[in-house]
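The block underneath contains the structure these notes are about, expressed in structure tokens.
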4 protein chains.
Amino acid sequence: MQRRVRYRECDPMGVVYHAHYVDWFEEARTEALRDLGLPYAALEQDGVFMPVVDLAVRYHHPALYDDLVEIVTTVSDELPTTRVRFDYRVFRDGIEKPCCSAHVTLCFMDAETRRPIRAPKRVLETLEEVLGD
Amino acid sequence: MQRRVRYRECDPMGVVYHAHYVDWFEEARTEALRDLGLPYAALEQDGVFMPVVDLAVRYHHPALYDDLVEIVTTVSDELPTTRVRFDYRVFRDGIEKPCCSAHVTLCFMDAETRRPIRAPKRVLETLEEVLGD
Amino acid sequence: MQRRVRYRECDPMGVVYHAHYVDWFEEARTEALRDLGLPYAALEQDGVFMPVVDLAVRYHHPALYDDLVEIVTTVSDELPTTRVRFDYRVFRDGIEKPCCSAHVTLCFMDAETRRPIRAPKRVLETLEEVLGD
Amino acid sequence: MQRRVRYRECDPMGVVYHAHYVDWFEEARTEALRDLGLPYAALEQDGVFMPVVDLAVRYHHPALYDDLVEIVTTVSDELPTTRVRFDYRVFRDGIEKPCCSAHVTLCFMDAETRRPIRAPKRVLETLEEVLGD
């Protein structure tokens with residue numbers, strides 16, 4: 001996913017404030033799921049929440065105001081049981097080394113009971129197809 | 001309400017990014033309502049939402065990183081029927097002229113039907129007491 | 001400009017939190033200026049800041065999670081002297097009435113002295129061309 | 001540091017959106033440094049930036065709207081050479097188990113050259129005193 005760095009995301013050092021990358025990861029995985037035919041909004045309508053259970057980010061070099069950044073998202077290649085992990089690398093236009101790398105783990109939760117559940121069948125079937133190749 | 005300006009709130013000009021003042025207004029009116037004995041969380045538990053219907057902000061001079069700012073909140077002195085208006089002035093420590101002045105209007109809404117409603121009795125009674133003096 | 005509503009932008013009412021629209025206006029005017037050949041990043045490199053001096057927003061009906069919203073930006077049709085005003089209307093996909101309308105006024109400022117200045121020549125010339133028709 | 005959970009920080013699940021905890025960590029370490037006599041604003045005035053180089057967060061259970069949360073900050077007990085690590089635990093009022101635990105590592109950087117530097121003498125001396133006991 002490509003994305004433009006906004007003024008409101010930059011701090012007095014003139015670079016992207018570190019917390020905003022986490023927002024980008026939401027955007028990137030939402031679009032990655034949509035591309036797989038699994039829009040998150042539809043999962044919620046089916047009564048499934050996917051809260052974040054952990055994340056880790058490493059900042060290698062700064063992204064700057066108005067940069068066009070590319071966020072590359074990868075789903076971990078194990079089929080999820082109760083959790084699913086996404087890996088991210090953020091690239092500034094024209095620079096080979098990522099400026100940021102990260103992962104975010106989400107679990108599946110019943111929206112009603114707020115208890116963890118196993119990955120819904122439609123998620124498993126979609127990922128099986130993608131990862132099965 | 002006093003509040004410290006945070007690094008994440010400051011932009012490459014080294015001053016508070018304009019949109020964040022709107023966040024401060026939520027904080028200030030929440031604490032003003034709590035001080036009146038009307039915690040917003042309790043209103044929501046009673047099935048009342050208070051969405052914002054309009055706002056206007058004028059920025060007079062910038063607030064800076066790590067400033068201790070004072071947000072002065074005033075409830076408009078008419079009893080609300082379907083809407084209530086809050087006026088704000090933001091002061092930087094030691095400077096008489098406000099750096100920002102604003103107002104935010106909220107309405108009352110039934111959380112279930114999502115339709116506008118009249119001000120709940122407990123809101124009216126509290127404000128009558130405050131404004132009646 | 002089209003934009004997807006993100007989860008982090010939605011509040012417990014399930015709708016976009018009011019302050020985030022102001023972020024969208026920055027995005028929309030940045031892209032509008034870029035389309036006119038006036039990227040804001042280039043103005044800053046020329047030593048010009050454009051701080052926001054006032055804004056006003058009216059919320060007509062809520063935008064929801066994952067909505068594809070269209071933000072329509074109009075530059076006021078007077079040539080700016082020291083200030084320039086942008087008008088915005090936000091549309092939810094498939095709904096004719098805007099869910100939000102607003103304006104934001106910015107001034108021109110010398111980045112070095114932090115004093116207001118007149119609109120730079122390149123801004124005037126570009127807007128003259130656009131508005132002159 | 002104590003802090004009230006704000007409406008704008010809560011998402012459609014009715015809980016704090018995961019990215020906002022990272023904002024709280026900035027607040028908590030800023031106040032922890034101030035308490036040690038090392039206000040970050042003063043470090044910047046001395047030409048020292050402290051960008052974040054990595055962070056990791058684990059979310060154990062959710063914090064809710066209007067919760068009074070306590071963020072406990074610990075500086076790692078090794079004297080920093082080029083980096084300093086802060087550990088955080090976030091507690092909801094009245095619940096013993098933290099709802100969130102995390103660490104954030106920052107480096108020291110020359111504000112002019114934007115190159116990493118060793119921990120400034122005033123930082124070392126202060127931490128030596130604190131950790132030396």
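If you're wondering about the labels, chains in the structure tokens are A, B, ... by order shown, residues count from 1 in each chain, ligands from 1 in order shown.
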Would you pick out the contacts of Asp93 of chain D at 8 Å or less, using only C-alpha atoms, so that residues sharing its chain but fewer than 3 positions from it are not included, and give the list as an MDAnalysis selection string? chainID D and resid 67:70
Only residues of chain A matter here; which ones have an atom within 12 Å of chain D, counting only C-alpha atoms? Give them as an MDAnalysis selection string. chainID A and resid 11:26 41 44 47:62 99:107 109:112 114:116
Go ahead and save the residues from that selection, with C-alpha atoms, as an mmCIF file, in the first residue's frame.
data_model
loop_
_atom_site.group_PDB
_atom_site.id
_atom_site.type_symbol
_atom_site.label_atom_id
_atom_site.label_comp_id
_atom_site.auth_asym_id
_atom_site.auth_seq_id
_atom_site.Cartn_x
_atom_site.Cartn_y
_atom_site.Cartn_z
ATOM 1 C CA ASP A 11 7.013 16.202 14.781
ATOM 2 C CA PRO A 12 9.407 19.033 15.667
ATOM 3 C CA MET A 13 12.344 16.899 14.448
ATOM 4 C CA GLY A 14 10.680 17.196 11.022
ATOM 5 C CA VAL A 15 10.137 13.429 10.764
ATOM 6 C CA VAL A 16 7.211 11.060 11.237
ATOM 7 C CA TYR A 17 6.365 10.673 14.931
ATOM 8 C CA HIS A 18 6.982 7.040 15.833
ATOM 9 C CA ALA A 19 3.449 6.167 17.001
ATOM 10 C CA HIS A 20 1.889 6.983 13.632
ATOM 11 C CA TYR A 21 3.523 3.998 11.932
ATOM 12 C CA VAL A 22 1.178 1.842 13.988
ATOM 13 C CA ASP A 23 -1.758 3.624 12.322
ATOM 14 C CA TRP A 24 -0.250 2.817 8.934
ATOM 15 C CA PHE A 25 -0.094 -0.865 9.834
ATOM 16 C CA GLU A 26 -3.855 -0.854 10.443
ATOM 17 C CA ALA A 41 -15.963 -4.675 8.193
ATOM 18 C CA GLU A 44 -17.277 -7.505 12.344
ATOM 19 C CA GLY A 47 -19.681 -10.924 15.010
ATOM 20 C CA VAL A 48 -15.892 -11.269 14.950
ATOM 21 C CA PHE A 49 -13.533 -8.698 16.469
ATOM 22 C CA MET A 50 -9.787 -8.804 15.892
ATOM 23 C CA PRO A 51 -8.058 -6.929 18.708
ATOM 24 C CA VAL A 52 -4.298 -6.458 18.662
ATOM 25 C CA VAL A 53 -2.494 -8.600 21.254
ATOM 26 C CA ASP A 54 1.077 -7.501 20.669
ATOM 27 C CA LEU A 55 3.256 -5.467 18.360
ATOM 28 C CA ALA A 56 6.909 -4.636 17.904
ATOM 29 C CA VAL A 57 8.444 -1.924 15.743
ATOM 30 C CA ARG A 58 12.021 -1.125 14.798
ATOM 31 C CA TYR A 59 12.801 2.313 13.362
ATOM 32 C CA HIS A 60 15.823 2.215 11.017
ATOM 33 C CA HIS A 61 15.785 5.715 9.525
ATOM 34 C CA PRO A 62 13.177 8.467 9.486
ATOM 35 C CA CYS A 99 12.917 2.794 7.152
ATOM 36 C CA CYS A 100 10.812 0.716 9.524
ATOM 37 C CA SER A 101 10.042 -2.952 10.120
ATOM 38 C CA ALA A 102 7.423 -4.365 12.439
ATOM 39 C CA HIS A 103 4.947 -7.043 13.276
ATOM 40 C CA VAL A 104 1.464 -6.926 14.774
ATOM 41 C CA THR A 105 -0.376 -9.955 16.187
ATOM 42 C CA LEU A 106 -4.171 -10.013 16.375
ATOM 43 C CA CYS A 107 -6.488 -12.574 17.898
ATOM 44 C CA MET A 109 -12.765 -12.608 19.487
ATOM 45 C CA ASP A 110 -16.490 -13.166 19.728
ATOM 46 C CA ALA A 111 -17.976 -9.660 19.573
ATOM 47 C CA GLU A 112 -20.808 -10.671 21.892
ATOM 48 C CA ARG A 114 -15.671 -10.830 24.211
ATOM 49 C CA ARG A 115 -13.983 -14.228 24.536
ATOM 50 C CA PRO A 116 -11.164 -15.441 22.252
#
Selected residue, from A:Glu9, A:Asp46, A:Glu125, A:Glu27, that lies nearest to Ile71 of chain A when counting only C-alpha atoms: A:Glu27
Return as a PyMOL selection string the full set of residues in segment 16-94 of chain D whose backbone-based DSSP assignment is alpha helix (DSSP H). chain D and resi 20-35+40-45
To test your reading of the structure, identify every residue in chain D that backbone DSSP assigns to strand (DSSP E or B), and report it as a PyMOL selection string. chain D and resi 2-4+10+15-16+48-49+52-59+64+68-75+83-92+100-110+116-117
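The nearest approach to Thr30 of chain A among the residues A:Arg89, A:Thr73, A:Arg6, A:Leu79, with only C-alpha atoms taken into account, belongs to A:Thr73.
From atom CA of Leu124 of chain D back to atom CA of Arg34 of chain D, the distance works out to 14.8 Å.
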Do you know which residues are at most 12 Å from Glu78 of chain D counting only C-alpha atoms, after dropping those on the same chain fewer than 6 positions away, and could you put them as a list in words?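 These residues fall inside the cut-off: Val84, Arg85, Phe86, Leu124, Leu127, Glu128, Val130, Leu131 and Gly132 of chain D.
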Could you please determine the separation between atom CA of Arg4 of chain A and atom CA of Ala42 of chain C in Å, to one decimal place?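 Distance between the two atoms: 15.1 Å.
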Interatomic distance (Å, one decimal) between atom CA of Val75 of chain C and atom CA of Glu129 of chain C: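 Atom-to-atom, atom CA of Val75 of chain C to atom CA of Glu129 of chain C, that is 12.7 Å.
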